[in-house]
file final12.cif (mmCIF, C-alpha atoms and all ligand atoms)
data_entry
loop_
_atom_site.label_atom_id
_atom_site.label_comp_id
_atom_site.auth_asym_id
_atom_site.auth_seq_id
_atom_site.Cartn_x
_atom_site.Cartn_y
_atom_site.Cartn_z
CA MET A 1 119.33 69.75 171.67
CA GLY A 2 122.56 69.06 169.78
CA ILE A 3 123.07 70.24 166.23
CA ALA A 4 123.36 66.64 165.00
CA GLU A 5 120.05 65.65 166.60
CA ASP A 6 118.39 68.73 165.22
CA THR A 7 119.63 67.94 161.74
CA VAL A 8 118.43 64.33 161.97
CA ILE A 9 114.97 65.50 163.04
CA ARG A 10 114.79 68.01 160.26
CA MET A 11 115.87 65.38 157.74
CA SER A 12 113.41 62.81 159.06
CA GLU A 13 110.58 65.32 158.90
CA GLY A 14 111.12 65.59 155.17
CA ASP A 15 109.36 62.46 153.95
CA GLY A 16 107.28 61.71 157.04
CA THR A 17 108.23 58.04 157.20
CA PHE A 18 109.51 56.50 160.41
CA PRO A 19 110.57 52.89 159.91
CA ASP A 20 111.63 52.56 163.54
CA PRO A 21 108.83 53.06 166.12
CA LEU A 22 111.39 54.46 168.56
CA ASP A 23 112.43 57.11 166.05
CA ARG A 24 108.81 57.98 165.61
CA ALA A 25 108.22 58.36 169.35
CA LEU A 26 111.34 60.46 169.70
CA SER A 27 110.29 62.68 166.87
CA GLU A 28 106.84 63.16 168.35
CA SER A 29 108.17 64.04 171.78
CA ASN A 30 110.59 66.50 170.24
CA ARG A 31 107.72 68.01 168.34
CA SER A 32 105.66 68.50 171.47
CA ILE A 33 108.64 70.13 173.22
CA GLU A 34 109.02 72.39 170.22
CA LEU A 35 105.31 73.25 170.27
CA ARG A 36 105.44 74.10 173.97
CA LYS A 37 108.49 76.27 173.37
CA ARG A 38 106.74 78.09 170.54
CA ASP A 39 103.67 78.58 172.69
CA ARG A 40 105.78 80.15 175.45
CA GLU A 41 107.52 82.39 172.94
CA ARG A 42 104.20 83.46 171.44
CA LYS A 43 102.88 84.38 174.88
CA LEU A 44 106.02 86.36 175.66
CA ILE A 45 105.76 88.21 172.35
CA GLN A 46 102.14 89.08 173.17
CA LYS A 47 103.24 90.45 176.54
CA ILE A 48 105.99 92.49 174.93
CA ARG A 49 103.57 93.86 172.33
CA LYS A 50 101.23 94.84 175.12
CA ALA A 51 104.11 96.51 176.96
CA ILE A 52 104.98 98.51 173.84
CA GLN A 53 101.34 99.56 173.51
CA ARG A 54 101.41 100.65 177.13
CA THR A 55 104.47 102.81 176.55
CA GLU A 56 102.52 104.50 173.76
CA ASP A 57 99.43 105.25 175.82
CA GLY A 58 101.50 106.20 178.86
CA SER A 59 100.36 103.40 181.15
CA TYR A 60 103.63 101.50 180.99
CA GLY A 61 105.20 100.91 184.39
CA ILE A 62 101.87 101.35 186.19
CA CYS A 63 100.47 98.35 188.02
CA GLU A 64 97.26 97.06 186.40
CA VAL A 65 95.77 96.12 189.74
CA CYS A 66 96.59 98.88 192.22
CA GLY A 67 97.69 101.69 189.91
CA GLU A 68 100.99 102.18 191.73
CA GLU A 69 104.20 102.71 189.82
CA ILE A 70 106.21 99.56 189.22
CA THR A 71 109.79 99.98 190.41
CA GLU A 72 112.43 100.52 187.76
CA SER A 73 114.54 97.62 189.03
CA ARG A 74 111.56 95.30 188.55
CA LEU A 75 110.94 96.61 185.04
CA GLU A 76 114.58 96.01 184.21
CA VAL A 77 114.26 92.34 185.15
CA ARG A 78 110.73 91.82 183.76
CA PRO A 79 110.06 94.53 181.17
CA GLU A 80 106.81 92.84 180.15
CA THR A 81 105.31 92.88 183.64
CA THR A 82 102.01 94.64 184.26
CA LEU A 83 101.93 94.13 188.02
CA CYS A 84 103.92 95.70 190.83
CA ILE A 85 105.86 93.33 193.06
CA SER A 86 103.25 93.19 195.83
CA CYS A 87 100.36 92.50 193.44
CA LYS A 88 102.46 89.90 191.65
CA GLU A 89 103.24 88.20 194.95
CA GLU A 90 99.56 88.23 195.84
CA GLN A 91 98.69 86.71 192.47
CA GLU A 92 101.29 83.98 192.95
CA VAL A 93 99.86 83.12 196.37
CA VAL A 94 96.38 82.83 194.86
CA GLU A 95 97.70 80.72 191.96
CA LYS A 96 99.40 78.38 194.41
CA GLN A 97 96.28 78.10 196.57
CA PHE A 98 94.15 77.11 193.62
CA GLY A 99 96.89 74.98 192.09
CA LEU A 100 97.01 77.00 188.89
ZN ZN B 201 100.06 96.66 192.32
#

call {"tool": "encode", "arguments": {"input": "final12.cif", "output": "structure tokens"}}
result
Amino acid sequence: MGIAEDTVIRMSEGDGTFPDPLDRALSESNRSIELRKRDRERKLIQKIRKAIQRTEDGSYGICEVCGEEITESRLEVRPETTLCISCKEEQEVVEKQFGL
């Protein structure tokens, strides 16, 4: 989103009136994008918090499913992960099968 657009949205949110129905629709769709973004961020923060907790109790870097150590290169890319690469791949296959 451009800075100008962002500013317009912020300004238009001030009084809550939308004389143009198109403006209103645009504002609502932007809001839902923003909500989805916030939801994703919140989930990521939860994962990171969990990861920090795991470093404290010593279970960080251990796969939740099989108990094997997660490779360092994987942790570098996805520090919040709780699954080793093979368990993650298995999970993804299952998710795809069930259309999750
Ligand atoms: Zn595993």

call {"tool": "closest_atom_pairs", "arguments": {"input": "final12.cif", "of": "chain A", "to": "ligand ZN 201 (chain B)", "cutoff": "6 Å", "atoms": "all atoms listed in the file", "output": "CSV"}}
result
residue,atom,partner,partner_atom,distance
A:Cys63,CA,B:ZN201,ZN,4.6
A:Val65,CA,B:ZN201,ZN,5.0
A:Cys66,CA,B:ZN201,ZN,4.1
A:Glu68,CA,B:ZN201,ZN,5.6
A:Leu83,CA,B:ZN201,ZN,5.3
A:Cys84,CA,B:ZN201,ZN,4.2
A:Ser86,CA,B:ZN201,ZN,5.9
A:Cys87,CA,B:ZN201,ZN,4.3

call {"tool": "write_last_selection", "arguments": {"input": "final12.cif", "atoms": "C-alpha atoms", "output": "PDB file, in the frame of the given file"}}
result
ATOM      1  CA  CYS A  63     100.470  98.350 188.020  1.00  0.00           C
ATOM      2  CA  VAL A  65      95.770  96.120 189.740  1.00  0.00           C
ATOM      3  CA  CYS A  66      96.590  98.880 192.220  1.00  0.00           C
ATOM      4  CA  GLU A  68     100.990 102.180 191.730  1.00  0.00           C
ATOM      5  CA  LEU A  83     101.930  94.130 188.020  1.00  0.00           C
ATOM      6  CA  CYS A  84     103.920  95.700 190.830  1.00  0.00           C
ATOM      7  CA  SER A  86     103.250  93.190 195.830  1.00  0.00           C
ATOM      8  CA  CYS A  87     100.360  92.500 193.440  1.00  0.00           C
TER       9      CYS A  87
END

call {"tool": "atom_distance", "arguments": {"input": "final12.cif", "atom1": "CA of Arg78 (chain A)", "atom2": "CA of Ser32 (chain A)"}}
result
26.8 Å

call {"tool": "residues_near_point", "arguments": {"input": "final12.cif", "point": "(104.3, 101.2, 182.9)", "cutoff": "12 Å", "atoms": "all atoms listed in the file", "output": "PyMOL selection string"}}
result
chain A and resi 48+50-64+67-72+74-76+78-84

call {"tool": "atom_distance", "arguments": {"input": "final12.cif", "atom1": "CA of Glu41 (chain A)", "atom2": "CA of Asp6 (chain A)"}}
result
19.1 Å

call {"tool": "atom_distance", "arguments": {"input": "final12.cif", "atom1": "CA of Asp23 (chain A)", "atom2": "CA of Glu5 (chain A)"}}
result
11.5 Å
